[in-house]
file coords16.txt (compact mmCIF, C-alpha atoms)
# COMPACT_ATOMS: atom_id res chain seq x y z
CA MET X 1 183.04 65.07 107.39
CA LEU X 2 182.29 68.33 105.60
CA GLY X 3 180.32 71.16 107.14
CA ASN X 4 180.17 73.99 109.64
CA SER X 5 180.61 74.27 113.43
CA LEU X 6 178.31 71.32 114.06
CA THR X 7 180.78 69.16 112.16
CA GLU X 8 183.88 70.92 113.48
CA ASN X 9 182.79 70.60 117.11
CA GLY X 10 182.58 66.83 116.71
CA ARG X 11 186.37 67.11 116.90
CA ASP X 12 187.77 63.60 116.51
CA TRP X 13 185.32 61.87 114.19
CA CYS X 14 187.77 58.95 113.96
CA VAL X 15 186.94 58.17 117.59
CA LEU X 16 183.23 58.91 117.22
CA LEU X 17 182.93 56.66 114.17
CA ASP X 18 185.57 54.12 115.17
CA ASP X 19 187.35 54.63 111.85
CA THR X 20 190.89 55.94 111.46
CA THR X 21 190.34 57.37 107.98
CA VAL X 22 187.84 60.12 108.83
CA CYS X 23 188.92 63.76 108.41
CA ASN X 24 187.05 66.59 110.09
CA ARG X 25 186.57 69.34 107.50
CA GLY X 26 184.03 71.36 109.45
CA ILE X 27 184.62 75.09 109.86
CA SER X 28 182.66 77.21 112.29
CA GLY X 29 180.41 79.72 110.55
CA ASP X 30 180.78 78.13 107.14
CA THR X 31 178.01 78.38 104.56
CA ALA X 32 177.21 76.39 101.43
CA SER X 33 179.10 78.88 99.28
CA GLY X 34 182.03 78.93 101.73
CA ILE X 35 182.27 75.15 101.62
CA LYS X 36 182.10 75.26 97.83
CA GLU X 37 184.99 77.75 97.74
CA ARG X 38 187.20 75.39 99.73
CA LEU X 39 186.47 72.27 97.70
CA ASN X 40 189.77 72.94 95.91
CA GLN X 41 191.45 71.87 99.17
CA ILE X 42 189.44 68.66 99.43
CA LEU X 43 188.50 67.24 96.04
CA PRO X 44 191.99 66.90 94.48
CA GLY X 45 192.58 64.05 96.94
CA HIS X 46 189.50 62.24 95.56
CA PRO X 47 188.17 61.22 98.98
CA ARG X 48 186.46 57.85 99.14
CA ALA X 49 183.40 59.49 100.69
CA ILE X 50 182.10 62.83 101.87
CA PHE X 51 179.46 63.22 104.57
CA MET X 52 178.16 66.74 103.97
CA MET X 53 175.95 68.91 106.16
CA CYS X 54 175.27 72.59 105.58
CA GLY X 55 172.51 75.16 105.52
CA THR X 56 172.00 76.37 109.09
CA ASN X 57 174.37 79.30 108.72
CA ASP X 58 172.76 80.15 105.40
CA ILE X 59 169.41 80.37 107.19
CA SER X 60 171.03 82.61 109.81
CA HIS X 61 172.10 84.97 107.01
CA GLY X 62 168.44 85.53 106.17
CA HIS X 63 168.18 83.37 103.07
CA SER X 64 164.87 81.72 102.25
CA ALA X 65 164.50 77.96 102.49
CA GLU X 66 164.38 77.79 98.67
CA LYS X 67 167.61 79.80 98.35
CA VAL X 68 169.40 77.62 100.93
CA PHE X 69 168.23 74.50 99.13
CA ASN X 70 169.54 75.85 95.82
CA MET X 71 172.91 76.71 97.37
CA CYS X 72 173.14 73.20 98.85
CA CYS X 73 172.34 71.69 95.44
CA ASP X 74 175.04 73.84 93.85
CA LEU X 75 177.52 72.51 96.41
CA ILE X 76 176.39 68.91 95.82
CA ASP X 77 176.77 69.33 92.06
CA SER X 78 180.26 70.82 92.50
CA ILE X 79 181.34 67.84 94.59
CA ARG X 80 179.97 65.37 92.05
CA VAL X 81 181.67 67.13 89.12
CA GLY X 82 184.95 67.73 90.95
CA SER X 83 185.31 64.19 92.26
CA PRO X 84 182.90 61.84 90.49
CA THR X 85 184.28 58.71 92.18
CA THR X 86 183.63 60.10 95.68
CA ARG X 87 180.63 58.57 97.41
CA LEU X 88 178.49 61.48 98.62
CA TYR X 89 176.26 61.34 101.66
CA VAL X 90 174.04 64.36 102.24
CA GLN X 91 173.00 64.76 105.85
CA SER X 92 169.89 66.62 106.87
CA LEU X 93 170.04 69.86 108.76
CA LEU X 94 169.68 69.39 112.49
CA PRO X 95 167.00 71.17 114.50
CA TRP X 96 167.80 73.86 117.05
CA ASN X 97 166.05 74.89 120.24
CA ASP X 98 164.64 78.42 120.33
CA SER X 99 164.08 78.36 124.11
CA PHE X 100 167.78 79.13 124.67
CA ARG X 101 167.16 82.48 122.93
CA ARG X 102 170.79 82.63 121.86
CA TRP X 103 170.51 82.33 118.08
CA ARG X 104 168.17 85.19 117.18
CA THR X 105 168.90 85.02 113.44
CA ILE X 106 167.38 81.52 113.20
CA GLU X 107 164.82 81.84 115.99
CA GLY X 108 161.37 80.88 114.77
CA ARG X 109 162.73 79.40 111.53
CA GLY X 110 162.74 75.75 112.56
CA ASP X 111 160.15 74.93 109.90
CA ASP X 112 162.64 76.14 107.27
CA ALA X 113 165.11 73.43 108.33
CA GLN X 114 162.48 70.76 107.83
CA LEU X 115 161.41 72.29 104.50
CA ILE X 116 165.03 72.29 103.29
CA ASN X 117 165.44 68.71 104.48
CA ASN X 118 162.38 67.62 102.52
CA MET X 119 163.65 69.33 99.37
CA LEU X 120 167.12 67.83 99.83
CA ARG X 121 165.65 64.36 100.34
CA SER X 122 163.68 64.63 97.09
CA TYR X 123 166.68 65.99 95.21
CA CYS X 124 168.92 63.22 96.52
CA GLU X 125 166.39 60.55 95.58
CA GLN X 126 166.16 62.00 92.07
CA GLU X 127 169.97 62.16 91.73
CA GLU X 128 170.57 58.77 93.41
CA ILE X 129 172.54 60.30 96.26
CA THR X 130 172.32 58.88 99.77
CA PHE X 131 170.35 61.20 102.05
CA ILE X 132 170.77 60.63 105.80
CA ASN X 133 167.84 62.06 107.73
CA LEU X 134 169.26 62.86 111.17
CA TYR X 135 166.53 65.38 112.00
CA PRO X 136 163.97 63.06 113.67
CA LYS X 137 166.62 61.62 116.00
CA PHE X 138 167.19 65.09 117.48
CA THR X 139 163.69 66.56 117.77
CA LEU X 140 161.51 66.73 120.84
CA GLY X 141 158.36 64.73 120.08
CA ASP X 142 156.34 66.23 117.25
CA THR X 143 158.03 69.63 117.52
CA ASN X 144 160.83 71.06 115.41
CA GLN X 145 162.89 71.78 118.56
CA LEU X 146 166.22 70.18 119.39
CA VAL X 147 166.11 68.06 122.57
CA LYS X 148 167.67 70.16 125.37
CA GLU X 149 169.86 67.28 126.57
CA TYR X 150 171.52 67.13 123.17
CA THR X 151 172.63 70.77 123.05
CA VAL X 152 174.92 73.08 124.98
CA ASP X 153 173.42 76.33 123.67
CA GLY X 154 170.32 75.55 121.62
CA LEU X 155 172.28 74.81 118.44
CA HIS X 156 175.61 73.08 119.11
CA LEU X 157 175.65 69.53 120.40
CA THR X 158 176.64 67.90 123.66
CA GLN X 159 178.73 64.74 123.66
CA LEU X 160 175.49 62.76 123.84
CA GLY X 161 174.27 64.56 120.72
CA TYR X 162 177.47 63.60 118.88
CA GLN X 163 177.10 59.99 120.00
CA ILE X 164 173.59 59.91 118.54
CA TRP X 165 174.82 61.46 115.29
CA ALA X 166 177.72 59.01 115.06
CA ALA X 167 175.40 56.06 115.70
CA GLN X 168 173.35 57.11 112.66
CA LEU X 169 176.48 57.30 110.47
CA LYS X 170 178.20 54.07 111.57
CA PRO X 171 176.17 51.77 109.28
CA TYR X 172 177.23 53.89 106.28
CA ILE X 173 180.87 53.80 107.40
CA GLU X 174 180.67 50.02 107.84
CA GLU X 175 179.14 49.67 104.37
CA LEU X 176 181.95 51.78 102.88
CA ASN X 177 184.61 49.73 104.66
CA ALA X 178 183.05 46.45 103.55
CA LYS X 179 183.26 47.59 99.92
CA SER X 180 186.71 49.15 100.12
CA PRO X 181 188.73 49.06 103.34
CA PHE X 182 190.75 52.22 102.48
call {"tool": "encode", "arguments": {"input": "coords16.txt", "output": "structure tokens"}}
result
Amino acid sequence: MLGNSLTENGRDWCVLLDDTTVCNRGISGDTASGIKERLNQILPGHPRAIFMMCGTNDISHGHSAEKVFNMCCDLIDSIRVGSPTTRLYVQSLLPWNDSFRRWRTIEGRGDDAQLINNMLRSYCEQEEITFINLYPKFTLGDTNQLVKEYTVDGLHLTQLGYQIWAAQLKPYIEELNAKSPF
């Protein structure tokens, strides 16, 4: 599990995913370029799979949706070059909820998350990379707002939010384990 605080705060992904081989490589505040810089700590072990999520902190730094998408693609390409046998799963950005008024740097930019997700989905289809669209499982109706019951602060998830996320990933974990148990 590779990402930022959303990933890190999942804590024990082995328990969430019922798989003893999962490592949590989320770091609070991390960006696409920050994750790329620490690939030298991850890729030499040639992990069987990487479930990657990033981009929210890049949005909070004021980057345009296009720039965030390009930084995510650069990270994806670095993973594929650095460990070509690793199965890569790109997860969509999650929504956030502006009504908490806690995350001013991303407030009002919910449409950017969906725009980035759409670009990432197209890129992944073109490059034959698995894209996992978590976004619709977390939004309130037809809005781009994170369901309040899934968040502690408008951005970070509750335990229920992590259970929903894990439920979306379990089929991919099961598929990986069916092909290669370790």
call {"tool": "atom_distance", "arguments": {"input": "coords16.txt", "atom1": "atom CA of Leu94 of chain X", "atom2": "atom CA of Gly154 of chain X"}}
result
11.0 Å
call {"tool": "closest_atom_pairs", "arguments": {"input": "coords16.txt", "of": "segment 57-111 of chain X", "to": "segment 1-23 of chain X", "cutoff": "12 Å", "atoms": "only C-alpha atoms", "output": "tab-separated table"}}
result
residue	atom	partner	partner_atom	distance
X:Asn57	CA	X:Asn4	CA	7.9
X:Asp58	CA	X:Asn4	CA	10.5
X:Cys72	CA	X:Gly3	CA	11.2
X:Leu75	CA	X:Leu2	CA	11.2
X:Ile76	CA	X:Leu2	CA	11.4
X:Ile79	CA	X:Leu2	CA	11.1
X:Leu88	CA	X:Leu2	CA	10.5
X:Tyr89	CA	X:Met1	CA	9.6
X:Val90	CA	X:Leu2	CA	9.8
X:Gln91	CA	X:Gly3	CA	9.8
X:Ser92	CA	X:Gly3	CA	11.4
X:Leu93	CA	X:Leu6	CA	9.9
X:Leu94	CA	X:Leu6	CA	9.0
X:Pro95	CA	X:Leu6	CA	11.3
X:Trp96	CA	X:Leu6	CA	11.2
call {"tool": "closest_residue", "arguments": {"input": "coords16.txt", "among": "X:Leu155, X:Glu125, X:Ser83, X:His46", "to": "Ser99 of chain X", "atoms": "only C-alpha atoms"}}
result
X:Leu155
call {"tool": "closest_residue", "arguments": {"input": "coords16.txt", "among": "X:Ala32, X:Ile50, X:Leu157, X:Ile59", "to": "Asp111 of chain X", "atoms": "only C-alpha atoms"}}
result
X:Ile59
call {"tool": "residues_around", "arguments": {"input": "coords16.txt", "residues": "Thr85 of chain X", "least_positions_apart": "2", "cutoff": "9 Å", "atoms": "only C-alpha atoms", "output": "PDB file with C-alpha atoms, keeping the file's coordinate frame"}}
result
ATOM      1  CA  HIS X  46     189.500  62.240  95.560  1.00  0.00           C
ATOM      2  CA  PRO X  47     188.170  61.220  98.980  1.00  0.00           C
ATOM      3  CA  ARG X  48     186.460  57.850  99.140  1.00  0.00           C
ATOM      4  CA  ALA X  49     183.400  59.490 100.690  1.00  0.00           C
ATOM      5  CA  ARG X  80     179.970  65.370  92.050  1.00  0.00           C
ATOM      6  CA  SER X  83     185.310  64.190  92.260  1.00  0.00           C
ATOM      7  CA  ARG X  87     180.630  58.570  97.410  1.00  0.00           C
TER       8      ARG X  87
END
call {"tool": "residues_around", "arguments": {"input": "coords16.txt", "residues": "His61 of chain X", "least_positions_apart": "2", "cutoff": "12 Å", "atoms": "all atoms listed in the file", "output": "CSV table (one decimal) with C-alpha atoms, in the frame of the given file"}}
result
chain,number,residue,atom,x,y,z
X,29,GLY,CA,180.4,79.7,110.6
X,30,ASP,CA,180.8,78.1,107.1
X,31,THR,CA,178.0,78.4,104.6
X,32,ALA,CA,177.2,76.4,101.4
X,55,GLY,CA,172.5,75.2,105.5
X,56,THR,CA,172.0,76.4,109.1
X,57,ASN,CA,174.4,79.3,108.7
X,58,ASP,CA,172.8,80.2,105.4
X,59,ILE,CA,169.4,80.4,107.2
X,63,HIS,CA,168.2,83.4,103.1
X,64,SER,CA,164.9,81.7,102.2
X,65,ALA,CA,164.5,78.0,102.5
X,67,LYS,CA,167.6,79.8,98.4
X,68,VAL,CA,169.4,77.6,100.9
X,103,TRP,CA,170.5,82.3,118.1
X,104,ARG,CA,168.2,85.2,117.2
X,105,THR,CA,168.9,85.0,113.4
X,106,ILE,CA,167.4,81.5,113.2
X,107,GLU,CA,164.8,81.8,116.0
X,109,ARG,CA,162.7,79.4,111.5
call {"tool": "closest_residue", "arguments": {"input": "coords16.txt", "among": "X:Gln159, X:Arg102, X:Lys36, X:Phe51", "to": "Asn24 of chain X", "atoms": "all atoms listed in the file"}}
result
X:Phe51
call {"tool": "atom_distance", "arguments": {"input": "coords16.txt", "atom1": "atom CA of Tyr135 of chain X", "atom2": "atom CA of Glu175 of chain X"}}
result
21.5 Å
call {"tool": "atom_distance", "arguments": {"input": "coords16.txt", "atom1": "atom CA of Cys124 of chain X", "atom2": "atom CA of Lys137 of chain X"}}
result
19.7 Å
call {"tool": "closest_residue", "arguments": {"input": "coords16.txt", "among": "X:Ile27, X:Met52, X:Ala167, X:Ala113", "to": "Leu146 of chain X", "atoms": "only C-alpha atoms"}}
result
X:Ala113
